[in-house]
file final-v6.cif (mmCIF, C-alpha atoms)
data_work
loop_
_atom_site.label_atom_id
_atom_site.label_comp_id
_atom_site.auth_asym_id
_atom_site.auth_seq_id
_atom_site.Cartn_x
_atom_site.Cartn_y
_atom_site.Cartn_z
CA MET A 235 16.78 -9.58 0.96
CA LYS A 236 16.15 -10.13 -2.74
CA HIS A 237 12.78 -11.88 -2.50
CA LEU A 238 10.18 -9.89 -0.64
CA HIS A 239 7.51 -12.54 -1.06
CA ALA A 240 9.57 -14.82 1.20
CA ILE A 241 9.35 -12.17 3.89
CA LEU A 242 5.88 -10.74 3.54
CA ALA A 243 4.06 -12.92 1.02
CA PHE A 244 0.57 -11.75 0.26
CA PHE A 245 -1.30 -12.54 -2.94
CA CYS A 246 -4.37 -10.44 -3.72
CA LEU A 247 -5.04 -10.50 -7.45
CA THR A 248 -8.53 -10.56 -8.90
CA ALA A 249 -9.98 -14.07 -9.05
CA PRO A 250 -12.40 -15.01 -11.82
CA ALA A 251 -16.07 -14.82 -10.92
CA LEU A 252 -17.81 -18.15 -10.28
CA ALA A 253 -21.54 -18.67 -9.81
CA ASP A 254 -22.33 -14.97 -9.28
CA VAL A 255 -19.79 -14.59 -6.42
CA SER A 256 -16.45 -12.85 -6.99
CA VAL A 257 -13.51 -12.99 -4.55
CA SER A 258 -10.93 -10.29 -5.27
CA PHE A 259 -8.70 -10.88 -2.18
CA PRO A 260 -7.07 -13.41 -1.96
CA ILE A 261 -6.47 -15.21 -5.25
CA ASP A 262 -6.85 -18.98 -5.46
CA GLY A 263 -3.59 -20.66 -4.42
CA ALA A 264 -2.32 -17.62 -2.51
CA ALA A 265 0.44 -17.90 0.09
CA LEU A 266 -0.26 -15.29 2.77
CA MET A 267 0.05 -14.46 6.44
CA SER A 268 -2.54 -14.35 9.18
CA PRO A 269 -4.46 -12.13 9.67
CA PHE A 270 -5.36 -11.60 6.03
CA THR A 271 -7.98 -9.61 4.17
CA LEU A 272 -11.03 -11.05 2.46
CA GLN A 273 -12.72 -8.90 -0.17
CA ALA A 274 -15.66 -10.30 -2.13
CA THR A 275 -18.77 -9.11 -3.93
CA ALA A 276 -21.98 -10.75 -5.15
CA GLY A 277 -24.80 -9.91 -7.53
CA ALA A 278 -27.95 -11.78 -8.40
CA CYS A 279 -27.68 -15.50 -7.61
CA GLN A 280 -28.94 -17.65 -10.48
CA SER A 281 -30.97 -14.62 -11.65
CA GLN A 282 -32.59 -14.26 -8.23
CA PRO A 283 -32.19 -10.95 -6.31
CA LEU A 284 -29.41 -11.16 -3.71
CA THR A 285 -30.48 -11.43 -0.08
CA THR A 286 -27.45 -12.54 1.98
CA MET A 287 -23.75 -13.31 1.73
CA ALA A 288 -21.59 -15.43 4.03
CA TYR A 289 -18.00 -16.59 4.48
CA SER A 290 -16.29 -19.43 6.31
CA ILE A 291 -12.93 -21.18 6.58
CA ASP A 292 -12.74 -24.95 6.00
CA SER A 293 -15.70 -26.59 7.75
CA GLY A 294 -16.34 -23.68 10.11
CA HIS A 295 -19.70 -22.02 10.59
CA ASP A 296 -20.89 -19.43 8.09
CA THR A 297 -20.66 -15.76 9.10
CA LEU A 298 -23.66 -14.04 7.51
CA VAL A 299 -23.44 -10.59 5.93
CA LYS A 300 -26.57 -8.68 4.92
CA ALA A 301 -24.84 -6.84 2.08
CA SER A 302 -23.57 -7.27 -1.48
CA ALA A 303 -19.90 -6.95 -0.44
CA ILE A 304 -17.58 -8.40 2.20
CA ALA A 305 -14.41 -6.67 3.44
CA VAL A 306 -13.04 -8.23 6.62
CA GLN A 307 -9.83 -9.46 8.20
CA LEU A 308 -9.63 -13.17 9.02
CA SER A 309 -7.24 -15.31 11.03
CA ALA A 310 -6.22 -18.90 10.43
CA GLY A 311 -3.48 -21.26 11.58
CA SER A 312 -0.50 -22.00 9.37
CA GLY A 313 -1.05 -24.52 6.60
CA ALA A 314 -3.55 -25.15 3.82
CA HIS A 315 -7.14 -23.90 4.09
CA ASN A 316 -10.24 -23.49 1.95
CA LEU A 317 -11.97 -20.13 2.10
CA HIS A 318 -15.68 -20.26 1.19
CA VAL A 319 -17.81 -17.29 0.12
CA LYS A 320 -21.53 -17.83 -0.49
CA SER A 321 -24.58 -15.86 -1.54
CA TRP A 322 -28.28 -16.64 -1.55
CA GLY A 323 -31.05 -15.50 -3.87
CA ALA A 324 -34.52 -14.42 -2.81
CA ASN A 325 -36.00 -17.80 -3.77
CA GLY A 326 -33.33 -19.88 -2.06
CA ALA A 327 -30.71 -20.24 -4.81
CA LEU A 328 -27.17 -20.79 -3.50
CA CYS A 329 -24.01 -19.51 -5.19
CA GLN A 330 -20.49 -20.15 -3.94
CA GLN A 331 -16.82 -19.40 -4.62
CA THR A 332 -14.07 -21.43 -2.90
CA VAL A 333 -10.49 -20.19 -2.73
CA SER A 334 -7.58 -22.37 -1.61
CA ILE A 335 -4.92 -20.57 0.45
CA ASN A 336 -1.70 -21.45 2.27
CA VAL A 337 -1.17 -19.52 5.51
CA LEU A 338 2.48 -18.92 6.37
CA ASP A 339 4.00 -18.27 9.78
CA ARG A 340 4.13 -14.52 10.36
CA LEU A 341 7.27 -12.80 9.09
CA PRO A 342 9.21 -16.03 8.56
CA ALA A 343 12.40 -14.49 7.13
CA LEU A 344 12.82 -11.30 9.15
CA PRO A 345 15.70 -11.39 11.64
CA ALA A 346 15.15 -11.63 15.36
CA ASN A 347 16.24 -8.03 15.96
CA VAL A 348 13.67 -6.49 13.59
CA ALA A 349 11.86 -3.39 14.85
CA ALA A 350 8.34 -2.71 13.60
CA THR A 351 6.48 0.58 13.74
CA ALA A 352 2.87 -0.32 12.97
CA ASN A 353 -0.30 1.59 12.06
CA ILE A 354 1.61 4.72 11.12
CA GLN A 355 -1.55 6.03 9.45
CA ASN A 356 -3.19 6.23 12.91
CA MET A 357 -0.57 8.57 14.36
CA THR A 358 -1.52 12.14 15.20
CA GLY A 359 0.43 14.98 13.68
CA TRP A 360 0.12 14.24 9.96
CA THR A 361 0.78 17.49 8.08
CA GLY A 362 0.26 18.37 4.43
CA VAL A 363 2.05 20.91 2.24
CA HIS A 364 2.12 21.77 -1.44
CA ASP A 365 5.08 20.19 -3.21
CA ALA A 366 6.95 23.14 -4.67
CA ALA A 367 8.70 20.80 -7.12
CA THR A 368 5.41 20.35 -8.99
CA SER A 369 4.31 22.94 -11.49
CA GLY A 370 0.93 23.95 -10.11
CA THR A 371 -0.75 24.59 -6.76
CA SER A 372 -2.49 22.38 -4.22
CA THR A 373 -4.34 22.36 -0.92
CA GLY A 374 -5.12 19.27 1.13
CA THR A 375 -6.62 17.74 4.26
CA THR A 376 -6.29 14.42 6.08
CA SER A 377 -8.38 12.62 8.70
CA LEU A 378 -8.96 9.18 10.20
CA LEU A 379 -11.93 7.12 9.04
CA SER A 380 -13.78 4.80 11.40
CA GLY A 381 -15.05 1.38 10.44
CA ALA A 382 -12.41 0.73 7.78
CA PRO A 383 -12.06 -2.99 6.93
CA LEU A 384 -8.31 -3.21 7.49
CA ASN A 385 -7.46 -3.22 11.20
CA GLY A 386 -10.37 -0.94 12.00
CA GLN A 387 -9.01 2.44 10.84
CA ALA A 388 -7.74 4.07 7.69
CA ARG A 389 -6.46 7.57 6.99
CA GLN A 390 -8.00 9.56 4.17
CA PHE A 391 -5.96 12.07 2.17
CA THR A 392 -7.76 14.61 0.00
CA PHE A 393 -6.28 17.35 -2.13
CA GLN A 394 -7.34 19.85 -4.76
CA TYR A 395 -4.86 20.87 -7.43
CA SER A 396 -4.31 23.08 -10.42
CA ASN A 397 -1.85 22.71 -13.32
CA ASP A 398 -0.55 19.23 -12.36
CA GLY A 399 0.01 20.22 -8.72
CA GLY A 400 1.09 17.76 -6.05
CA HIS A 401 0.47 17.62 -2.30
CA ARG A 402 2.81 15.96 0.23
CA PHE A 403 1.69 14.65 3.64
CA HIS A 404 4.24 13.60 6.25
CA ILE A 405 4.59 12.22 9.77
CA SER A 406 7.59 11.52 12.03
CA PHE A 407 7.96 8.40 14.17
CA PRO A 408 10.61 7.08 16.61
CA ALA A 409 14.19 7.29 15.36
CA ASN A 410 16.39 4.35 14.41
CA THR A 411 19.81 5.65 13.44
CA SER A 412 21.52 2.27 13.13
CA ALA A 413 19.11 0.28 10.94
CA THR A 414 20.38 -0.49 7.44
CA HIS A 415 17.48 -2.58 6.03
CA PHE A 416 13.83 -1.63 5.70
CA VAL A 417 10.52 -2.93 4.41
CA TYR A 418 7.79 -0.33 3.86
CA ASP A 419 4.43 -2.12 4.00
CA THR A 420 1.09 -0.40 3.39
CA TYR A 421 -2.38 -0.71 1.88
CA LEU A 422 -3.66 2.05 -0.41
CA MET A 423 -7.05 2.76 -1.95
CA VAL A 424 -7.67 5.19 -4.80
CA ASN A 425 -11.20 6.55 -4.48
CA LYS A 426 -13.35 6.78 -7.61
CA TYR A 427 -15.53 9.61 -6.33
CA CYS A 428 -14.51 12.80 -4.56
CA GLY A 429 -17.71 13.94 -2.94
CA ASN A 430 -20.39 13.79 -5.62
CA VAL A 431 -18.04 14.04 -8.60
CA LEU A 432 -15.52 11.77 -10.25
CA CYS A 433 -12.00 12.35 -8.95
CA GLY A 434 -9.39 13.86 -11.23
CA LYS A 435 -6.59 11.88 -12.84
CA LEU A 436 -3.93 10.64 -10.42
CA SER A 437 -0.54 10.98 -12.11
CA ASN A 438 1.81 10.00 -9.28
CA VAL A 439 1.91 8.38 -5.83
CA GLU A 440 5.06 8.87 -3.78
CA LEU A 441 6.05 6.78 -0.73
CA ASP A 442 9.26 8.06 0.88
CA MET A 443 11.07 7.39 4.10
CA ASN A 444 13.77 9.60 5.60
CA GLN A 445 16.26 8.24 8.15
CA VAL A 446 18.34 10.61 10.26
CA LEU A 447 21.73 9.09 11.06
CA ALA A 448 23.78 9.61 14.23
CA ASN A 449 25.73 12.45 12.54
CA ARG A 450 22.41 14.19 11.66
CA ASP A 451 22.77 13.47 7.96
CA VAL A 452 19.59 12.18 6.31
CA VAL A 453 19.29 9.16 4.04
CA ILE A 454 16.27 9.57 1.78
CA TYR A 455 14.62 6.40 0.51
CA GLY A 456 12.40 7.85 -2.20
CA VAL A 457 10.05 5.65 -4.25
CA GLN A 458 7.13 6.66 -6.48
CA CYS A 459 4.63 5.09 -8.83
CA ASP A 460 5.08 7.43 -11.78
CA GLY A 461 2.10 7.59 -14.12
CA TRP A 462 3.86 10.03 -16.43
CA THR A 463 6.45 7.42 -17.43
CA GLY A 464 4.55 4.29 -16.33
CA THR A 465 7.37 3.12 -14.04
CA TRP A 466 8.36 2.81 -10.43
CA ASP A 467 11.03 5.45 -9.75
CA TYR A 468 13.66 5.91 -7.05
CA THR A 469 15.63 8.92 -5.89
CA VAL A 470 19.40 9.46 -5.61
CA ASN A 471 21.68 12.34 -4.68
CA GLU A 472 23.73 13.09 -7.80
CA GLY A 473 25.71 15.74 -5.94
CA THR A 474 27.38 15.39 -2.55
CA PRO A 475 25.85 15.36 0.94
CA THR A 476 26.72 19.06 1.38
CA ARG A 477 26.03 20.13 -2.23
CA SER A 478 23.10 17.87 -3.01
CA LEU A 479 21.21 17.30 -6.24
CA SER A 480 18.19 15.06 -5.71
CA THR A 481 17.12 13.25 -8.88
CA TRP A 482 14.47 10.69 -9.78
CA ARG A 483 15.53 7.67 -11.84
CA HIS A 484 13.19 5.27 -13.61
CA THR A 485 13.29 1.51 -12.97
CA ASN A 486 12.52 -1.57 -15.02
CA VAL A 487 9.22 -2.09 -13.16
CA ALA A 488 5.93 -0.80 -14.61
CA CYS A 489 3.48 1.25 -12.52
CA ASP A 490 0.64 3.73 -13.15
CA PRO A 491 -1.56 4.69 -10.17
CA ASP A 492 -4.37 5.87 -12.46
CA LYS A 493 -4.75 2.25 -13.62
CA TRP A 494 -5.15 0.83 -10.11
CA THR A 495 -8.63 -0.53 -9.46
CA LYS A 496 -10.63 2.21 -7.76
CA ASP A 497 -12.30 1.74 -4.38
CA ALA A 498 -10.25 -1.42 -3.69
CA TRP A 499 -7.32 -1.98 -1.36
CA HIS A 500 -3.90 -2.44 -2.96
CA HIS A 501 -1.05 -3.97 -0.97
CA VAL A 502 2.31 -2.24 -1.54
CA GLN A 503 5.60 -3.52 -0.08
CA ILE A 504 8.95 -1.88 -0.85
CA ALA A 505 12.33 -3.24 0.27
CA TYR A 506 15.55 -1.23 0.39
CA SER A 507 18.82 -1.05 2.29
CA ARG A 508 21.86 1.20 2.70
CA ASP A 509 25.56 0.88 3.43
CA ASP A 510 27.62 3.00 5.83
CA GLY A 511 28.38 5.49 3.05
CA GLY A 512 24.74 6.29 2.33
CA ILE A 513 24.55 4.19 -0.86
CA VAL A 514 20.97 2.91 -1.11
CA THR A 515 19.97 -0.30 -2.88
CA TYR A 516 16.30 -0.38 -3.86
CA GLU A 517 15.71 -4.12 -3.86
CA SER A 518 12.15 -4.89 -4.89
CA VAL A 519 8.54 -3.80 -4.93
CA SER A 520 5.45 -5.94 -4.43
CA LEU A 521 2.05 -4.73 -5.64
CA ASP A 522 -0.94 -6.88 -4.72
CA GLY A 523 1.28 -9.88 -4.08
CA VAL A 524 3.28 -9.67 -7.30
CA GLU A 525 6.90 -9.02 -6.37
CA THR A 526 9.38 -7.64 -8.91
CA PRO A 527 13.07 -7.05 -8.19
CA PHE A 528 14.50 -3.69 -9.24
CA SER A 529 17.38 -4.00 -11.68
CA GLY A 530 20.41 -1.85 -10.88
CA ALA A 531 18.46 0.59 -8.69
CA VAL A 532 21.46 1.69 -6.60
CA GLY A 533 22.85 5.11 -5.82
CA PRO A 534 23.98 7.62 -3.17
CA SER A 535 21.14 9.16 -1.20
CA GLN A 536 22.69 10.87 1.84
CA PHE A 537 22.06 14.56 2.54
CA ALA A 538 23.75 16.84 5.11
CA LEU A 539 20.54 18.37 6.50
CA ASN A 540 21.43 18.46 10.24
CA TRP A 541 18.05 17.13 11.35
CA GLY A 542 17.25 15.83 14.81
CA PRO A 543 16.99 12.04 15.22
CA VAL A 544 13.80 10.76 13.59
CA LEU A 545 12.29 8.50 10.97
CA LEU A 546 9.85 10.27 8.69
CA THR A 547 7.55 9.16 5.91
CA ASN A 548 6.17 11.24 3.06
CA PHE A 549 2.97 10.32 1.25
CA GLN A 550 2.38 12.41 -1.87
CA MET A 551 -0.27 12.53 -4.58
CA ASP A 552 0.10 14.45 -7.83
CA GLY A 553 -2.81 15.38 -10.07
CA GLU A 554 -2.92 15.79 -13.81
CA GLY A 555 -4.69 18.55 -15.72
CA ALA A 556 -5.72 22.15 -15.31
CA LYS A 557 -7.59 21.44 -12.07
CA GLY A 558 -9.09 18.57 -10.13
CA MET A 559 -9.49 16.75 -6.84
CA GLN A 560 -8.24 13.40 -5.60
CA THR A 561 -8.88 11.23 -2.53
CA MET A 562 -6.90 8.21 -1.32
CA GLU A 563 -6.97 6.05 1.80
CA MET A 564 -4.11 4.38 3.68
CA ALA A 565 -4.31 1.47 6.15
CA ASN A 566 -2.09 -1.04 7.97
CA THR A 567 1.09 0.99 7.33
CA THR A 568 4.15 -0.59 8.94
CA VAL A 569 7.87 0.06 8.61
CA PHE A 570 10.13 -2.90 9.47
CA ALA A 571 13.75 -1.97 10.26
CA TRP A 572 16.87 -3.90 11.26
#

call {"tool": "encode", "arguments": {"input": "final-v6.cif", "output": "structure tokens"}}
result
Amino acid sequence: MKHLHAILAFFCLTAPALADVSVSFPIDGAALMSPFTLQATAGACQSQPLTTMAYSIDSGHDTLVKASAIAVQLSAGSGAHNLHVKSWGANGALCQQTVSINVLDRLPALPANVAATANIQNMTGWTGVHDAATSGTSTGTTSLLSGAPLNGQARQFTFQYSNDGGHRFHISFPANTSATHFVYDTYLMVNKYCGNVLCGKLSNVELDMNQVLANRDVVIYGVQCDGWTGTWDYTVNEGTPTRSLSTWRHTNVACDPDKWTKDAWHHVQIAYSRDDGGIVTYESVSLDGVETPFSGAVGPSQFALNWGPVLLTNFQMDGEGAKGMQTMEMANTTVFAW
């Protein structure tokens, strides 16, 4: 599976503003799956104060929104469509942005025996701990938010840190000891404000998955967006399963979470696979619909930990500086396995 866009294509780059209406998700010409997210904003329309926004697909009826922003999920049949977003000024001025999209059949390239664990962010039992591998200290909390635009719920993660501390949250979900291929699919939002103050600098976002095998060894699929080096990183075991030495390696793909647009959803998809000897191939990463293959990101990642059967995901945030606070949100988190 070398081309993730053929499996889970989703384009959500920022489109240029037109006539006082801006559509950020999806970009014009996007190939995506249904349901998909629409995110748009509007200001004054032809210098008139904004009163109402609306959206529609093709020649369908307008859905009115009494706000300056739209964040909804829409459904459409496969094929070409035109997505219309409108706004009206106080004196009747009309502004409009039209985006052309191509809706694909859902999951066209995944095999018939794929198993999907969806909405992992909604599961109860998320637990947070300070990551002792970071230099400082941290404390954190997590809770579900109601009314989130993506599938109705999102999970918020908040942590306070000192001296570049990091905080790791984790949850277990049903085991799959035989799967050898995975796609980790999630939406993330970096919040600009933490309470009434600007959030601290976010230096790292880590998205791991641990798979317990039938012999109770654990394969760790570790991936992080590393702001310190500006790259996506992956983890390998440079020792042996019984005498392990976990190490991060940098890839050819650029990433810095502090540069992600704040208060906007970002779609992250990571593809990886393993062989029977615990050698993991990190295949590609897609950020906001732009897929980039990893070059030579292969290595052993099996650890003799004697865990019970489970799949587990870690979500970690690291701060930068003497002290600070950071808040992120997670939605529509799904792990596909086969």

call {"tool": "closest_residue", "arguments": {"input": "final-v6.cif", "among": "A:Pro475, A:Gly277, A:Pro491, A:Pro534", "to": "A:Asp509", "atoms": "all atoms listed in the file"}}
result
A:Pro534

call {"tool": "closest_residue", "arguments": {"input": "final-v6.cif", "among": "A:Val470, A:Leu284, A:Leu272, A:Val348", "to": "A:Gly326", "atoms": "only C-alpha atoms"}}
result
A:Leu284

call {"tool": "resolve_selection", "arguments": {"input": "final-v6.cif", "expression": "the PyMOL selection byres ((chain A and resi 435) around 7)", "output": "list in words"}}
result
Cys433, Gly434, Leu436, Ser437, Asp492, Gly553 and Glu554 of chain A

call {"tool": "atom_distance", "arguments": {"input": "final-v6.cif", "atom1": "atom CA of A:Gly374", "atom2": "atom CA of A:Ser396"}}
result
12.2 Å

call {"tool": "residues_around", "arguments": {"input": "final-v6.cif", "residues": "stretch 353-361 of chain A", "least_positions_apart": "3", "cutoff": "12 Å", "atoms": "only C-alpha atoms", "output": "PyMOL selection string"}}
result
chain A and resi 350+364+373-380+382+384-391+401-408+418-422+545-550+563-570

call {"tool": "closest_residue", "arguments": {"input": "final-v6.cif", "among": "A:Ser309, A:Ser535, A:Ser302, A:Gln280", "to": "A:Ser480", "atoms": "only C-alpha atoms"}}
result
A:Ser535

call {"tool": "resolve_selection", "arguments": {"input": "final-v6.cif", "expression": "the PyMOL selection byres ((chain A and resi 445-453) around 7)", "output": "PyMOL selection string"}}
result
chain A and resi 411+443-444+454-455+512+535-546

call {"tool": "atom_distance", "arguments": {"input": "final-v6.cif", "atom1": "atom CA of A:Met287", "atom2": "atom CA of A:His500"}}
result
23.1 Å

call {"tool": "resolve_selection", "arguments": {"input": "final-v6.cif", "expression": "the PyMOL selection byres ((chain A and resi 521) around 7)", "output": "list of chain:residue names"}}
result
A:His500, A:His501, A:Val502, A:Gln503, A:Val519, A:Ser520, A:Asp522, A:Gly523, A:Val524, A:Glu525

call {"tool": "residues_near_point", "arguments": {"input": "final-v6.cif", "point": "(-29.2, -8.5, 9.6)", "cutoff": "12 Å", "atoms": "all atoms listed in the file", "output": "PyMOL selection string"}}
result
chain A and resi 285-288+297-301

call {"tool": "atom_distance", "arguments": {"input": "final-v6.cif", "atom1": "atom CA of A:Gln273", "atom2": "atom CA of A:Gln331"}}
result
12.1 Å

call {"tool": "closest_residue", "arguments": {"input": "final-v6.cif", "among": "A:Met559, A:Ala367, A:Ala305, A:Val417", "to": "A:Trp499", "atoms": "all atoms listed in the file"}}
result
A:Ala305

call {"tool": "residues_around", "arguments": {"input": "final-v6.cif", "residues": "A:Ala278", "least_positions_apart": "4", "cutoff": "8 Å", "atoms": "only C-alpha atoms", "output": "list in words"}}
result
Asp254, Gln282, Pro283, Leu284 and Gly323 of chain A
